[in-house]
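See below for protein10.txt, which holds compact mmCIF, C-alpha atoms.
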```
# COMPACT_ATOMS: atom_id res chain seq x y z
CA MET A 275 2.62 18.56 -13.62
CA THR A 276 5.10 15.68 -13.81
CA GLY A 277 5.76 13.27 -10.95
CA THR A 278 8.60 15.37 -9.54
CA GLN A 279 6.50 18.56 -9.81
CA VAL A 280 3.81 16.94 -7.65
CA LEU A 281 6.38 16.02 -5.01
CA ARG A 282 7.38 18.39 -2.22
CA CYS A 283 10.27 18.52 0.21
CA PRO A 284 9.38 16.52 3.35
CA ILE A 285 11.14 19.09 5.54
CA CYS A 286 9.92 22.47 4.25
CA ALA A 287 7.31 21.52 1.59
CA GLY A 288 9.20 23.46 -1.06
CA PRO A 289 9.26 22.29 -4.71
CA PHE A 290 12.18 20.35 -6.16
CA THR A 291 14.69 20.90 -8.87
CA VAL A 292 15.92 17.59 -10.23
CA ASP A 293 19.18 16.35 -11.67
CA PRO A 294 20.27 12.76 -12.42
CA ARG A 295 21.86 12.29 -8.99
CA SER A 296 19.78 14.23 -6.48
CA TRP A 297 16.70 16.31 -5.82
CA ARG A 298 17.14 19.71 -4.19
CA CYS A 299 14.33 21.92 -2.91
CA THR A 300 14.20 25.70 -3.09
CA SER A 301 15.42 25.90 0.54
CA GLY A 302 18.49 23.80 -0.23
CA HIS A 303 17.46 20.46 1.28
CA ALA A 304 19.01 17.75 -0.90
CA PHE A 305 17.97 14.10 -1.34
CA ASP A 306 20.10 11.59 -3.20
CA LEU A 307 18.71 9.06 -5.64
CA GLY A 308 19.32 5.34 -5.24
CA ARG A 309 21.09 3.69 -8.14
CA GLU A 310 17.79 2.01 -9.02
CA GLY A 311 16.28 5.46 -9.56
CA TYR A 312 14.14 5.93 -6.43
CA ALA A 313 14.31 8.96 -4.14
CA ASN A 314 14.55 8.67 -0.36
CA LEU A 315 12.31 11.43 1.03
CA LEU A 316 12.15 10.03 4.57
CA PRO A 317 14.28 12.24 6.83
CA VAL A 318 15.79 10.51 9.83
CA GLN A 319 13.74 12.71 12.18
CA HIS A 320 10.55 11.25 10.66
CA LYS A 321 11.54 7.66 11.37
CA HIS A 322 10.22 5.77 14.39
CA SER A 323 12.82 3.01 14.06
CA ARG A 324 16.15 2.50 12.32
CA GLU A 325 14.65 0.40 9.49
CA PRO A 326 10.89 1.07 9.39
CA GLY A 327 8.47 -1.00 7.38
CA ASP A 328 8.58 -4.56 6.10
CA THR A 329 11.70 -6.67 6.38
CA ALA A 330 13.63 -8.06 3.43
CA GLN A 331 12.40 -11.57 4.34
CA SER A 332 8.78 -10.47 4.35
CA LEU A 333 9.19 -8.63 1.05
CA ALA A 334 10.83 -11.59 -0.66
CA ALA A 335 7.99 -13.83 0.52
CA ARG A 336 5.39 -11.35 -0.72
CA ARG A 337 6.99 -11.06 -4.14
CA ALA A 338 7.08 -14.85 -4.57
CA PHE A 339 3.48 -15.21 -3.37
CA LEU A 340 2.15 -12.43 -5.61
CA ASP A 341 4.19 -13.55 -8.61
CA ALA A 342 2.44 -16.93 -8.32
CA GLY A 343 -0.87 -15.16 -9.00
CA HIS A 344 -2.63 -15.86 -5.70
CA TYR A 345 -3.94 -12.28 -5.45
CA ALA A 346 -4.26 -11.60 -9.19
CA PRO A 347 -8.09 -11.31 -8.95
CA LEU A 348 -7.66 -8.47 -6.48
CA ARG A 349 -5.09 -6.76 -8.71
CA ASP A 350 -7.43 -6.98 -11.72
CA ALA A 351 -10.47 -5.76 -9.77
CA LEU A 352 -8.47 -2.82 -8.43
CA ALA A 353 -7.36 -1.83 -11.92
CA SER A 354 -10.96 -2.00 -13.15
CA MET A 355 -12.03 0.51 -10.47
CA VAL A 356 -9.37 3.09 -11.28
CA ALA A 357 -10.42 5.78 -13.73
CA ARG A 358 -7.76 7.16 -16.04
CA SER A 359 -5.84 9.79 -14.10
CA HIS A 360 -3.20 12.45 -14.60
CA HIS A 361 -1.59 11.66 -11.24
CA LEU A 362 -2.02 8.44 -9.26
CA LEU A 363 -0.50 7.83 -5.83
CA ASP A 364 -0.14 4.36 -4.28
CA ILE A 365 0.45 4.70 -0.54
CA GLY A 366 2.21 1.67 0.93
CA CYS A 367 3.29 0.40 -2.48
CA GLY A 368 5.52 -2.37 -1.12
CA GLU A 369 7.53 -4.13 -3.80
CA GLY A 370 5.36 -2.66 -6.55
CA TYR A 371 3.05 -5.50 -7.64
CA TYR A 372 -0.16 -3.48 -7.61
CA THR A 373 1.43 -0.14 -8.50
CA ALA A 374 2.92 -1.55 -11.70
CA ALA A 375 -0.50 -2.88 -12.74
CA LEU A 376 -1.93 0.63 -12.34
CA ALA A 377 0.86 2.37 -14.28
CA PRO A 378 -0.92 2.24 -17.68
CA LEU A 379 -3.92 4.05 -16.17
CA ALA A 380 -2.25 7.36 -15.33
CA GLY A 381 0.12 9.86 -16.83
CA THR A 382 2.17 9.87 -13.63
CA VAL A 383 2.23 7.08 -11.08
CA ILE A 384 3.94 7.54 -7.72
CA GLY A 385 4.56 4.61 -5.39
CA ILE A 386 5.53 5.46 -1.82
CA ASP A 387 6.50 3.17 1.04
CA ILE A 388 8.28 3.67 4.34
CA ALA A 389 10.41 0.54 3.78
CA LYS A 390 13.50 1.34 1.69
CA PRO A 391 14.08 -2.33 0.73
CA ALA A 392 10.54 -2.44 -0.70
CA VAL A 393 11.00 0.68 -2.81
CA ARG A 394 14.39 -0.55 -4.01
CA MET A 395 12.80 -3.83 -5.15
CA ALA A 396 9.97 -1.96 -6.89
CA ALA A 397 12.29 0.44 -8.71
CA ARG A 398 14.59 -2.34 -9.86
CA ARG A 399 11.78 -4.35 -11.49
CA HIS A 400 9.43 -1.55 -12.61
CA PRO A 401 11.33 1.53 -13.84
CA GLY A 402 8.26 3.42 -15.12
CA PRO A 403 6.62 4.86 -11.97
CA THR A 404 8.20 7.41 -9.64
CA TRP A 405 9.31 5.48 -6.55
CA ILE A 406 9.65 7.23 -3.21
CA VAL A 407 10.76 6.18 0.27
CA GLY A 408 8.46 8.20 2.47
CA SER A 409 5.79 8.20 5.15
CA GLY A 410 2.05 8.08 4.63
CA ALA A 411 1.74 10.18 7.77
CA ARG A 412 3.80 12.99 6.16
CA LEU A 413 3.30 12.64 2.43
CA PRO A 414 5.88 14.61 0.40
CA ILE A 415 3.11 15.55 -2.03
CA ALA A 416 1.62 18.92 -2.98
CA ASP A 417 -1.86 19.83 -1.74
CA ALA A 418 -4.80 18.77 -3.96
CA SER A 419 -2.45 17.41 -6.65
CA ILE A 420 -3.52 13.75 -6.92
CA ASP A 421 -6.45 12.46 -8.98
CA THR A 422 -6.43 8.91 -7.60
CA VAL A 423 -5.04 7.71 -4.27
CA CYS A 424 -4.80 3.95 -3.75
CA THR A 425 -4.04 2.34 -0.43
CA LEU A 426 -3.95 -1.44 0.00
CA PHE A 427 -3.63 -3.08 3.41
CA THR A 428 -1.85 0.01 4.70
CA PRO A 429 -2.37 1.97 7.92
CA LEU A 430 -4.58 4.89 7.02
CA HIS A 431 -3.75 8.55 7.63
CA PRO A 432 -7.04 10.20 6.63
CA ALA A 433 -6.03 13.85 7.02
CA GLU A 434 -2.93 13.47 4.83
CA THR A 435 -4.83 11.45 2.24
CA VAL A 436 -7.52 14.10 1.98
CA ARG A 437 -4.93 16.89 1.86
CA VAL A 438 -3.26 15.59 -1.32
CA LEU A 439 -6.51 14.59 -3.05
CA GLY A 440 -7.76 16.79 -5.89
CA LEU A 441 -11.24 18.28 -5.74
CA ASP A 442 -12.81 15.58 -7.93
CA GLY A 443 -10.35 12.82 -7.04
CA ASP A 444 -10.92 9.26 -5.88
CA VAL A 445 -9.51 7.34 -2.93
CA ILE A 446 -9.59 3.58 -3.45
CA VAL A 447 -9.04 1.39 -0.41
CA ALA A 448 -8.39 -2.36 -0.44
CA THR A 449 -8.81 -4.15 2.86
CA PRO A 450 -9.54 -7.71 4.01
CA ALA A 451 -13.23 -8.57 4.04
CA GLU A 452 -14.73 -10.29 7.05
CA ALA A 453 -14.00 -13.85 5.89
CA HIS A 454 -10.49 -13.28 4.52
CA LEU A 455 -8.19 -16.25 5.21
CA GLN A 456 -10.66 -17.63 7.73
CA ALA A 457 -9.15 -21.13 7.81
CA LEU A 458 -5.65 -19.74 8.25
CA ARG A 459 -6.68 -17.50 11.11
CA ALA A 460 -8.66 -20.30 12.76
CA ALA A 461 -5.53 -22.44 12.73
CA LEU A 462 -3.46 -19.68 14.31
CA PHE A 463 -5.83 -18.24 16.91
CA GLU A 464 -8.21 -19.64 19.49
CA ARG A 465 -10.54 -16.72 18.85
CA VAL A 466 -10.85 -15.25 15.36
CA GLU A 467 -11.81 -11.59 15.21
CA PRO A 468 -13.60 -10.63 11.97
CA HIS A 469 -12.15 -7.91 9.80
CA VAL A 470 -14.23 -4.71 9.79
CA PRO A 471 -14.04 -2.92 6.42
CA GLU A 472 -16.69 -0.44 7.53
CA LYS A 473 -14.17 1.31 9.79
CA PHE A 474 -12.85 3.13 6.71
CA ARG A 475 -16.16 4.95 6.26
CA GLU A 476 -15.78 6.37 9.75
CA ALA A 477 -12.11 7.21 9.23
CA PHE A 478 -12.80 9.41 6.20
CA ALA A 479 -15.95 11.12 7.50
CA PRO A 480 -16.95 13.90 7.23
CA GLU A 481 -14.75 14.86 4.24
CA LEU A 482 -15.22 11.75 2.07
CA MET A 483 -18.08 9.38 1.38
CA CYS A 484 -18.06 5.85 -0.05
CA VAL A 485 -19.56 5.88 -3.55
CA GLU A 486 -18.73 2.30 -4.56
CA GLN A 487 -18.05 -0.93 -2.72
CA ARG A 488 -17.08 -4.26 -4.22
CA GLU A 489 -16.27 -7.59 -2.55
CA ILE A 490 -13.91 -10.08 -4.21
CA ARG A 491 -14.06 -13.67 -2.95
CA TYR A 492 -12.54 -16.85 -4.30
CA PRO A 493 -11.12 -20.15 -2.98
CA LEU A 494 -7.40 -20.23 -2.29
CA ALA A 495 -5.56 -23.57 -2.36
CA LEU A 496 -2.09 -23.08 -0.93
CA SER A 497 0.84 -25.46 -1.22
CA ALA A 498 3.22 -25.78 1.72
CA ALA A 499 5.58 -23.33 0.02
CA ALA A 500 2.83 -20.79 -0.68
CA LEU A 501 1.57 -21.14 2.89
CA ALA A 502 5.05 -20.41 4.23
CA GLN A 503 5.25 -17.32 2.03
CA LEU A 504 1.85 -16.12 3.20
CA LEU A 505 2.83 -16.56 6.83
CA ASP A 506 5.98 -14.53 6.27
CA MET A 507 4.16 -11.66 4.54
CA THR A 508 1.20 -11.22 6.92
CA PRO A 509 1.12 -10.07 10.55
CA TYR A 510 -1.12 -12.97 11.59
CA ALA A 511 1.65 -15.47 12.24
CA TRP A 512 3.68 -13.15 14.44
CA LYS A 513 0.67 -12.53 16.68
CA ALA A 514 -0.03 -16.26 17.08
CA ARG A 515 1.49 -18.58 19.63
CA PRO A 516 4.71 -20.16 18.33
CA GLU A 517 3.33 -23.69 18.71
CA ARG A 518 0.30 -22.86 16.56
CA ARG A 519 2.45 -21.38 13.84
CA ALA A 520 4.77 -24.39 13.96
CA ALA A 521 1.84 -26.80 13.66
CA LEU A 522 0.48 -24.93 10.64
CA GLN A 523 3.88 -24.84 8.97
CA ALA A 524 4.18 -28.61 9.41
CA THR A 525 1.14 -29.24 7.19
CA ASP A 526 1.22 -30.03 3.47
CA GLY A 527 -0.75 -26.89 2.66
CA LEU A 528 -4.09 -25.26 3.33
CA GLU A 529 -7.39 -24.57 1.62
CA THR A 530 -8.95 -21.27 2.59
CA GLU A 531 -10.73 -18.32 1.01
CA ALA A 532 -9.46 -14.95 -0.14
CA ALA A 533 -11.96 -12.18 0.57
CA PHE A 534 -11.26 -8.51 -0.10
CA MET A 535 -13.28 -5.33 0.06
CA LEU A 536 -12.60 -2.55 -2.43
CA MET A 537 -14.09 0.84 -1.56
CA ARG A 538 -14.06 4.05 -3.59
CA PHE A 539 -14.35 7.37 -1.76
CA ARG A 540 -15.00 10.87 -3.06
CA ARG A 541 -15.39 14.26 -1.45
CA ARG A 542 -18.78 15.10 -0.04
CA ALA A 543 -20.48 18.04 -1.72
CA SER A 544 -20.21 19.99 1.52
CA ALA A 545 -16.42 19.45 1.59
CA ARG A 546 -15.78 20.73 -1.94
```
If you took the structure in this file and wrote it as structure tokens, what would it be?
Amino acid sequence: MTGTQVLRCPICAGPFTVDPRSWRCTSGHAFDLGREGYANLLPVQHKHSREPGDTAQSLAARRAFLDAGHYAPLRDALASMVARSHHLLDIGCGEGYYTAALAPLAGTVIGIDIAKPAVRMAARRHPGPTWIVGSGARLPIADASIDTVCTLFTPLHPAETVRVLGLDGDVIVATPAEAHLQALRAALFERVEPHVPEKFREAFAPELMCVEQREIRYPLALSAAALAQLLDMTPYAWKARPERRAALQATDGLETEAAFMLMRFRRRASAR
């Protein structure tokens, strides 16, 4: 199956026929393509706000931060965990930094995000993958059609993820490890709550089990500009008191640590 054959109508789950301007399902639901080549498969009735997902400001900050290589070790570790696949799905693809790095590892790569500005940015820079505006809670993907599902720092929808996963497929999750950006969070909050990667094991049980876990840690020296970008792209700053954010932004930079947990999940024998 090609990328469009894996995709299904988000309204009726019917397959698509494709032409250069639009996708139309067998029930007649039509979805136009953006001029960058992405498809918007997020019906208005599936939105919880007028413009869901990350803002243009946050996306621009993320692109600048990632382009500078600050999270390149995570990108490389993720790619090393992905086995060659026929169909790879990146849920919450954002502006495409990680998805594009995975593109050589699969015959078809699909990046999906609920934020249309993110998908537009991704499609403009990386024309190879199939880019979709859509919801991880209602994936427009055929049952059991995906060999590898990747989800990085994205709210998890376990039932939908398991539904689209092939019998012998992998789910690879990237999430902050306990010590991720500890110095940054200490500057923003009076009380720092540790990240809990283990919650993903519980979320996927009983269908999936963790078969591999890898922690990536390295020092992160941030200039004032990089710190500002990081604050704009993470939810930490918006949860902090304004005076704490302002004090942090007034500094010349910050030394902290990046710490990520990569986890690979597969179906339990009893769920096959």
Check your understanding: Skipping near chain neighbours, those fewer than 4 positions away, what residues fall within 7 Å of segment 356-367 of chain A using all atoms listed in the file, listed as a PyMOL selection string?
Key -> chain A and resi 352+373+379-387+410+420-426+428
Review point. Mind pulling up the distance from atom CA of Met395 of chain A to atom CA of Gly527 of chain A?
Key: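 About the pair atom CA of Gly527 of chain A and atom CA of Met395 of chain A: they are 27.9 Å apart.
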Exercise for review: Find the residues around Pro289 of chain A up to 10 Å (all atoms listed in the file counted), leave out those fewer than 5 positions away in its own chain, and share them as a list in words.
Suggested key: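 Residues meeting the cut-off are Thr278, Gln279, Val280, Leu281, Arg282, Cys283, Pro284, Trp297, Arg298, Cys299, Thr300, Ser301, Pro414, Ile415 and Ala416 of chain A.
For the pair atom CA of Ile406 of chain A and atom CA of Ala313 of chain A, the separation is 5.1 Å.
Of the listed residues A:Pro378, A:Gly368, A:Pro403, A:Gly308, the one whose atoms come nearest to Arg295 of chain A is A:Gly308, with distances taken using all atoms listed in the file.
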**Study point:** Spatial neighbours of segment 456-461 of chain A, max dist 12 Å, all atoms listed in the file, sep filter under 2 positions, as an NGL selection string
**Key:** :A and (450-454 or 463-469 or 491 or 493-496 or 501-502 or 504-505 or 508-525 or 527-533)
Completion step: segment 399-410 of chain A with all heavy atoms as a compact mmCIF listing (two decimals), in the frame of the given file:
```txt
# COMPACT_ATOMS: atom_id res chain seq x y z
N ARG A 399 12.58 -3.56 -10.55
CA ARG A 399 11.78 -4.35 -11.49
C ARG A 399 10.92 -3.48 -12.38
O ARG A 399 10.68 -3.83 -13.55
CB ARG A 399 10.90 -5.34 -10.73
CG ARG A 399 10.02 -6.15 -11.66
CD ARG A 399 9.16 -7.17 -10.94
NE ARG A 399 9.90 -8.36 -10.57
CZ ARG A 399 9.29 -9.49 -10.14
NH1 ARG A 399 7.97 -9.55 -10.06
NH2 ARG A 399 10.02 -10.53 -9.80
N HIS A 400 10.41 -2.36 -11.86
CA HIS A 400 9.43 -1.55 -12.61
C HIS A 400 9.95 -0.11 -12.72
O HIS A 400 9.63 0.74 -11.88
CB HIS A 400 8.09 -1.56 -11.89
CG HIS A 400 7.57 -2.93 -11.57
ND1 HIS A 400 7.11 -3.81 -12.54
CD2 HIS A 400 7.44 -3.58 -10.38
CE1 HIS A 400 6.71 -4.93 -11.97
NE2 HIS A 400 6.89 -4.81 -10.67
N PRO A 401 10.71 0.20 -13.75
CA PRO A 401 11.33 1.53 -13.84
C PRO A 401 10.38 2.66 -14.23
O PRO A 401 10.76 3.83 -14.14
CB PRO A 401 12.41 1.34 -14.92
CG PRO A 401 11.90 0.21 -15.76
CD PRO A 401 11.16 -0.71 -14.82
N GLY A 402 9.15 2.38 -14.63
CA GLY A 402 8.26 3.42 -15.12
C GLY A 402 7.76 4.39 -14.08
O GLY A 402 7.90 5.63 -14.24
N PRO A 403 7.15 3.94 -12.97
CA PRO A 403 6.62 4.86 -11.97
C PRO A 403 7.73 5.64 -11.25
O PRO A 403 8.91 5.31 -11.33
CB PRO A 403 5.89 3.93 -10.99
CG PRO A 403 5.58 2.72 -11.79
CD PRO A 403 6.74 2.55 -12.73
N THR A 404 7.31 6.67 -10.54
CA THR A 404 8.20 7.41 -9.64
C THR A 404 8.14 6.73 -8.28
O THR A 404 7.07 6.66 -7.67
CB THR A 404 7.77 8.88 -9.53
OG1 THR A 404 7.81 9.49 -10.82
CG2 THR A 404 8.68 9.65 -8.59
N TRP A 405 9.27 6.25 -7.81
CA TRP A 405 9.31 5.48 -6.55
C TRP A 405 9.93 6.32 -5.45
O TRP A 405 11.01 6.90 -5.63
CB TRP A 405 10.10 4.19 -6.74
CG TRP A 405 9.52 3.28 -7.77
CD1 TRP A 405 10.01 3.04 -9.02
CD2 TRP A 405 8.34 2.47 -7.64
NE1 TRP A 405 9.21 2.14 -9.69
CE2 TRP A 405 8.17 1.77 -8.87
CE3 TRP A 405 7.41 2.27 -6.63
CZ2 TRP A 405 7.12 0.90 -9.09
CZ3 TRP A 405 6.36 1.40 -6.85
CH2 TRP A 405 6.22 0.72 -8.06
N ILE A 406 9.26 6.35 -4.31
CA ILE A 406 9.65 7.23 -3.21
C ILE A 406 9.68 6.45 -1.89
O ILE A 406 8.73 5.73 -1.57
CB ILE A 406 8.65 8.40 -3.05
CG1 ILE A 406 8.56 9.22 -4.35
CG2 ILE A 406 9.04 9.29 -1.87
CD1 ILE A 406 9.83 9.91 -4.74
N VAL A 407 10.76 6.60 -1.13
CA VAL A 407 10.76 6.18 0.27
C VAL A 407 10.19 7.35 1.06
O VAL A 407 10.75 8.46 1.03
CB VAL A 407 12.18 5.83 0.76
CG1 VAL A 407 12.13 5.38 2.23
CG2 VAL A 407 12.80 4.74 -0.10
N GLY A 408 9.09 7.12 1.74
CA GLY A 408 8.46 8.20 2.47
C GLY A 408 7.36 7.68 3.38
O GLY A 408 7.04 6.49 3.36
N SER A 409 6.79 8.56 4.15
CA SER A 409 5.79 8.20 5.15
C SER A 409 4.40 8.63 4.72
O SER A 409 4.20 9.77 4.28
CB SER A 409 6.14 8.85 6.49
OG SER A 409 5.08 8.70 7.42
N GLY A 410 3.43 7.73 4.89
CA GLY A 410 2.05 8.08 4.63
C GLY A 410 1.50 9.09 5.62
O GLY A 410 0.51 9.76 5.35
```
